[in-house]
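model18.txt follows; it contains compact mmCIF, C-alpha atoms and all ligand atoms.
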# COMPACT_ATOMS: atom_id res chain seq x y z
CA MET U 1 -31.06 153.90 -53.38
CA ARG U 2 -27.86 155.89 -52.85
CA ARG U 3 -28.10 159.53 -53.96
CA ILE U 4 -25.34 162.02 -54.71
CA LYS U 5 -24.70 164.38 -51.81
CA THR U 6 -25.08 167.83 -53.35
CA ALA U 7 -24.51 171.41 -52.19
CA ILE U 8 -25.92 174.51 -53.88
CA LEU U 9 -24.01 177.81 -53.87
CA ILE U 10 -26.15 180.94 -54.16
CA SER U 11 -25.85 184.71 -53.78
CA GLY U 12 -29.46 185.89 -54.09
CA ARG U 13 -33.12 184.95 -54.46
CA GLY U 14 -32.46 181.27 -55.16
CA THR U 15 -35.13 180.50 -57.74
CA ASN U 16 -32.94 177.89 -59.44
CA MET U 17 -31.93 176.52 -56.04
CA ASN U 18 -35.62 176.09 -55.21
CA ALA U 19 -36.20 174.16 -58.44
CA LEU U 20 -33.31 171.83 -57.62
CA ILE U 21 -34.55 171.25 -54.07
CA GLU U 22 -38.09 170.53 -55.32
CA ALA U 23 -36.82 168.09 -57.96
CA SER U 24 -34.72 166.30 -55.33
CA GLN U 25 -37.82 165.71 -53.20
CA SER U 26 -38.80 162.89 -55.54
CA ARG U 27 -37.52 159.59 -54.11
CA HIS U 28 -36.10 158.48 -57.44
CA TYR U 29 -34.10 161.63 -58.14
CA PRO U 30 -30.38 160.69 -58.06
CA ALA U 31 -29.21 163.75 -56.07
CA GLN U 32 -30.08 164.91 -52.56
CA ILE U 33 -29.57 168.51 -51.52
CA ASP U 34 -27.70 168.44 -48.22
CA LEU U 35 -26.50 172.01 -47.99
CA VAL U 36 -27.06 175.52 -49.34
CA ILE U 37 -24.34 178.12 -48.88
CA SER U 38 -24.59 181.82 -49.72
CA ASN U 39 -21.69 184.25 -49.82
CA ARG U 40 -24.25 186.97 -49.00
CA PRO U 41 -25.97 186.69 -45.60
CA GLU U 42 -29.02 188.65 -46.83
CA ALA U 43 -29.74 186.22 -49.71
CA LEU U 44 -33.45 185.35 -49.80
CA GLY U 45 -32.59 181.85 -50.99
CA LEU U 46 -31.28 181.01 -47.50
CA ILE U 47 -34.78 181.44 -46.06
CA THR U 48 -36.34 179.39 -48.88
CA ALA U 49 -33.85 176.56 -48.30
CA GLN U 50 -34.59 176.55 -44.56
CA LYS U 51 -38.34 176.38 -45.28
CA HIS U 52 -37.62 173.17 -47.19
CA GLY U 53 -35.68 171.85 -44.20
CA VAL U 54 -32.32 172.10 -45.98
CA THR U 55 -29.30 173.25 -43.96
CA ALA U 56 -28.53 176.78 -45.15
CA LEU U 57 -25.40 178.71 -44.19
CA ALA U 58 -24.08 182.17 -44.90
CA LEU U 59 -20.36 182.39 -45.46
CA ASP U 60 -19.89 186.11 -45.96
CA HIS U 61 -16.91 186.64 -48.27
CA THR U 62 -16.38 190.13 -46.80
CA ASP U 63 -15.49 188.51 -43.44
CA PHE U 64 -12.34 187.03 -44.99
CA LYS U 65 -8.99 188.71 -45.59
CA SER U 66 -8.52 187.24 -49.03
CA ARG U 67 -10.32 185.34 -51.77
CA ARG U 68 -8.17 182.33 -50.91
CA ALA U 69 -9.15 182.46 -47.21
CA PHE U 70 -12.84 182.56 -48.16
CA GLU U 71 -12.46 179.63 -50.54
CA LYS U 72 -10.50 177.60 -47.98
CA ALA U 73 -13.33 178.04 -45.47
CA LEU U 74 -15.90 177.17 -48.15
CA ASN U 75 -13.96 174.06 -49.11
CA THR U 76 -13.73 172.95 -45.47
CA VAL U 77 -17.49 173.29 -44.93
CA LEU U 78 -18.21 171.31 -48.12
CA ARG U 79 -15.70 168.55 -47.28
CA GLU U 80 -16.94 168.25 -43.70
CA ALA U 81 -20.46 167.70 -45.06
CA ASN U 82 -19.08 164.97 -47.41
CA ILE U 83 -20.42 166.83 -50.44
CA GLU U 84 -19.81 165.07 -53.77
CA LEU U 85 -21.25 167.62 -56.20
CA ILE U 86 -21.64 171.41 -56.19
CA CYS U 87 -24.34 173.26 -58.13
CA CYS U 88 -23.71 176.98 -58.56
CA ALA U 89 -27.11 178.67 -58.90
CA GLY U 90 -26.82 182.43 -59.20
CA PHE U 91 -23.55 182.30 -57.23
CA MET U 92 -22.03 185.61 -58.27
CA ARG U 93 -18.50 185.18 -56.99
CA VAL U 94 -15.72 184.14 -59.34
CA LEU U 95 -13.93 181.04 -58.02
CA THR U 96 -10.14 180.77 -58.32
CA PRO U 97 -8.39 177.92 -60.17
CA TRP U 98 -7.31 176.62 -56.74
CA PHE U 99 -10.92 176.01 -55.67
CA VAL U 100 -12.11 174.84 -59.08
CA THR U 101 -9.32 172.27 -59.31
CA GLN U 102 -10.44 170.73 -56.00
CA TRP U 103 -13.89 170.17 -57.51
CA GLU U 104 -13.15 169.52 -61.18
CA GLY U 105 -15.75 167.11 -62.59
CA HIS U 106 -17.88 167.71 -59.49
CA MET U 107 -19.11 171.28 -60.00
CA ILE U 108 -21.74 172.63 -62.42
CA ASN U 109 -23.29 176.05 -63.06
CA ILE U 110 -26.28 177.57 -64.81
CA HIS U 111 -25.60 180.56 -67.03
CA PRO U 112 -28.21 182.76 -68.77
CA SER U 113 -26.86 182.60 -72.32
CA LEU U 114 -26.25 180.14 -75.12
CA LEU U 115 -22.61 179.48 -74.26
CA PRO U 116 -20.05 180.01 -75.69
CA LYS U 117 -21.91 183.27 -76.42
CA TYR U 118 -21.97 185.95 -73.73
CA LYS U 119 -19.80 184.66 -70.92
CA GLY U 120 -19.87 186.88 -67.83
CA LEU U 121 -22.48 189.50 -66.99
CA HIS U 122 -25.37 191.34 -68.74
CA THR U 123 -26.21 188.47 -71.06
CA HIS U 124 -29.77 189.63 -71.90
CA LYS U 125 -28.60 193.13 -72.79
CA ARG U 126 -25.81 191.75 -74.96
CA ALA U 127 -28.17 189.38 -76.82
CA LEU U 128 -30.57 192.31 -77.52
CA GLU U 129 -27.78 194.66 -78.60
CA ALA U 130 -26.40 192.04 -80.98
CA GLY U 131 -29.83 191.74 -82.65
CA ASP U 132 -29.95 187.99 -81.95
CA SER U 133 -33.14 186.15 -82.90
CA GLU U 134 -32.75 183.64 -80.10
CA HIS U 135 -31.39 183.54 -76.58
CA GLY U 136 -31.02 180.76 -74.06
CA CYS U 137 -29.51 179.21 -70.99
CA SER U 138 -26.79 176.64 -70.43
CA VAL U 139 -25.84 174.26 -67.66
CA HIS U 140 -22.11 173.62 -67.90
CA TRP U 141 -19.14 172.18 -66.04
CA VAL U 142 -17.19 174.70 -64.00
CA THR U 143 -13.55 174.99 -65.03
CA SER U 144 -10.83 177.51 -64.22
CA GLU U 145 -11.85 179.76 -67.11
CA LEU U 146 -15.08 181.68 -66.47
CA ASP U 147 -18.20 180.13 -68.12
CA SER U 148 -16.02 178.05 -70.43
CA GLY U 149 -16.49 174.43 -69.29
CA GLY U 150 -18.29 171.83 -71.40
CA VAL U 151 -22.00 172.38 -71.90
CA ILE U 152 -24.24 169.70 -70.35
CA LEU U 153 -27.66 170.98 -71.51
CA GLN U 154 -29.05 174.10 -73.16
CA ASP U 155 -32.50 175.48 -73.91
CA THR U 156 -33.53 178.38 -76.13
CA ILE U 157 -36.21 181.07 -76.41
CA LYS U 158 -37.10 183.25 -79.40
CA ILE U 159 -36.36 186.95 -79.02
CA LYS U 160 -39.43 189.08 -79.91
CA PRO U 161 -39.16 192.60 -81.40
CA ASP U 162 -40.56 194.22 -78.24
CA ASP U 163 -38.42 192.26 -75.77
CA THR U 164 -36.55 194.11 -73.03
CA GLU U 165 -33.84 192.84 -70.68
CA ASP U 166 -36.54 192.21 -68.07
CA SER U 167 -38.93 190.35 -70.36
CA LEU U 168 -36.10 188.18 -71.65
CA ALA U 169 -34.89 187.45 -68.11
CA THR U 170 -38.40 186.46 -67.02
CA ARG U 171 -39.04 184.16 -69.98
CA LEU U 172 -35.58 182.63 -69.78
CA LEU U 173 -35.90 181.94 -66.06
CA GLU U 174 -38.85 179.62 -66.77
CA LYS U 175 -36.56 177.59 -69.05
CA GLU U 176 -33.76 177.61 -66.45
CA LEU U 177 -36.06 176.20 -63.81
CA SER U 178 -36.76 173.11 -65.86
CA LEU U 179 -33.28 172.80 -67.43
CA TYR U 180 -31.22 172.78 -64.22
CA PRO U 181 -33.06 169.88 -62.54
CA GLN U 182 -32.73 167.84 -65.76
CA ALA U 183 -29.00 168.56 -65.93
CA LEU U 184 -28.40 167.74 -62.26
CA LYS U 185 -30.27 164.47 -62.79
CA LEU U 186 -27.96 163.53 -65.69
CA VAL U 187 -24.78 164.46 -63.83
CA ALA U 188 -25.76 162.76 -60.57
CA GLN U 189 -26.83 159.61 -62.42
CA ASP U 190 -23.50 159.59 -64.21
CA LEU U 191 -21.59 159.91 -60.91
CA LEU U 192 -23.62 157.00 -59.50
CA ASN U 193 -22.81 154.92 -62.58
CA GLN U 194 -19.09 155.70 -62.19
CA ASP U 195 -19.37 154.49 -58.60
CA GLN U 196 -20.84 151.20 -59.71
CA GLU U 197 -18.21 150.70 -62.41
CA ARG U 198 -15.52 151.21 -59.73
CA ASP U 199 -17.23 148.64 -57.48
CA TYR U 200 -17.40 146.07 -60.30
CA SER U 201 -13.75 146.51 -61.25
CA PHE U 202 -12.79 146.07 -57.58
CA THR U 203 -14.66 142.77 -57.24
CA ALA U 204 -13.71 141.43 -60.71
C1 LIG T 1 -30.18 183.08 -62.95
O1 LIG T 1 -30.78 183.68 -64.06
C2 LIG T 1 -28.85 182.47 -63.34
O2 LIG T 1 -28.83 181.94 -64.64
C3 LIG T 1 -27.93 183.66 -63.25
O3 LIG T 1 -28.36 184.36 -62.12
C4 LIG T 1 -29.75 184.14 -61.93
C5 LIG T 1 -29.95 183.65 -60.52
O4 LIG T 1 -31.29 183.65 -60.18
N1 LIG T 1 -26.57 183.26 -63.13
C6 LIG T 1 -25.55 183.95 -63.60
O5 LIG T 1 -25.68 185.00 -64.18
C7 LIG T 1 -24.21 183.32 -63.36
N2 LIG T 1 -23.21 183.95 -64.13
P1 LIG T 1 -31.81 182.79 -58.97
O6 LIG T 1 -30.94 183.16 -57.75
O7 LIG T 1 -33.23 183.22 -58.77
O8 LIG T 1 -31.68 181.34 -59.33
Let me see the file written as structure tokens.
Amino acid sequence: MRRIKTAILISGRGTNMNALIEASQSRHYPAQIDLVISNRPEALGLITAQKHGVTALALDHTDFKSRRAFEKALNTVLREANIELICCAGFMRVLTPWFVTQWEGHMINIHPSLLPKYKGLHTHKRALEAGDSEHGCSVHWVTSELDSGGVILQDTIKIKPDDTEDSLATRLLEKELSLYPQALKLVAQDLLNQDQERDYSFTA
């Protein structure tokens, strides 16, 4: 069975990345994780990926003169590995419209809020300060506008009166770790289906 060649972009501990790699270890999962790239060389996720036998590279954004130069190098590495789909998983670097346009329809992200609420940073704090009764996470398409692409899947948790930013983050992470593999499965399956439709129209 053909599987979608997928790269994961990270910046830190890589818990979501680990969940995606583990899900992809099932033979019937429609995506394979070929590459993990971190913009921070010290990211713990790089070590975790290597332990799974996945190629893991650091592409330190501070080594580049400009955002564009960094993204050009990133794009080259991804294209040379024939990557078809990018999963951002705690990748904390804003991507320019130039990069996003190259990958439109082929790049997804997980965000710790119920989008369109709380785009950007400090989502747990903002949910608490707003007095929300529920919080959640979203997997969405990456578009040029930050955290604004179409939502693929969401999950929610109830906010308890004694919740703190940390307790919310911990409980939400459990949801993220099951949501992201489900979303990647849907997206990769859809890309495989599009492939088949193209093949049929070619032979028709
Ligand atoms: C996750 O909670 C993810 O939702 C969040 O960073 C964390 C990464 O953890 N992403 C964002 O805030 C993106 N704007 P991980 O490296 O352990 O997966």
*Contacts of U:Leu78 within 10 Å, only C-alpha atoms, excl. fewer than 4 positions in-chain, as a PyMOL selection string*: chain U and resi 6-7+34-37+72-74+82-86
Do you have, as CSV, the list of residues of chain U lying at most 7 Å from ligand LIG 1 (chain T), each with its nearest atom pair and that distance in Å to one decimal, counting only C-alpha atoms and all ligand atoms and ordered by chain then number?
residue,atom,partner,partner_atom,distance
U:Ile10,CA,T:LIG1,O6,6.4
U:Ser11,CA,T:LIG1,O6,6.6
U:Gly12,CA,T:LIG1,O6,4.8
U:Arg13,CA,T:LIG1,O6,4.3
U:Gly14,CA,T:LIG1,O6,3.5
U:Thr15,CA,T:LIG1,O7,3.5
U:Asn16,CA,T:LIG1,O8,3.7
U:Met17,CA,T:LIG1,O8,5.8
U:Ala89,CA,T:LIG1,O8,5.3
U:Gly90,CA,T:LIG1,C5,3.6
U:Phe91,CA,T:LIG1,C7,6.2
U:Met92,CA,T:LIG1,C7,6.0
U:Ile110,CA,T:LIG1,O2,5.1
U:His111,CA,T:LIG1,O2,4.2
U:Pro112,CA,T:LIG1,O2,4.3
U:Gly120,CA,T:LIG1,N2,5.8
U:Leu121,CA,T:LIG1,O5,6.2
U:Cys137,CA,T:LIG1,O2,6.9
U:Ala169,CA,T:LIG1,O1,6.9
U:Leu173,CA,T:LIG1,O1,5.8
U:Glu176,CA,T:LIG1,O2,6.8
*Within 9 Å of stretch 27-31 of chain U, counting all atoms listed in the file, which residues show up once you throw out same-chain ones fewer than 2 positions away? Write them as number ranges by chain, please.*
U: 1-6, 23-25, 33, 85, 184-189, 192
_If we count all atoms listed in the file and set the cut-off at 8 Å, which residues sit around U:Ile159, ignoring sequence neighbours fewer than 5 positions away in its own chain? Please answer as an NGL selection string._
:U and (132-135 or 168)
*Would you list the contacts of U:Asp147 as a list in words, taking every protein, DNA or RNA residue within 9 Å and counting all atoms listed in the file, but skipping same-chain residues closer than 6 positions in sequence?*
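Result of the neighbour search: Asn109, His111, Leu115, Pro116, Tyr118, Lys119, Gly120, His140 and Trp141 of chain U.
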*Of the candidates U:Arg198, U:Val151, U:Gly136, U:Ala56, which shows the shortest atom-to-atom distance to U:Thr170, using all atoms listed in the file?*
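Of the candidates, the smallest distance to U:Thr170 is held by U:Gly136.
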*Proximity to U:Leu146 - best of U:Arg40, U:Lys51, U:Arg93, U:His122, only C-alpha atoms*: U:Arg93
*What is the distance, in Å and to one decimal place, between atom CA of U:Gln154 and atom CA of U:Glu197?*
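Separation of atom CA of U:Gln154 and atom CA of U:Glu197: 27.9 Å.
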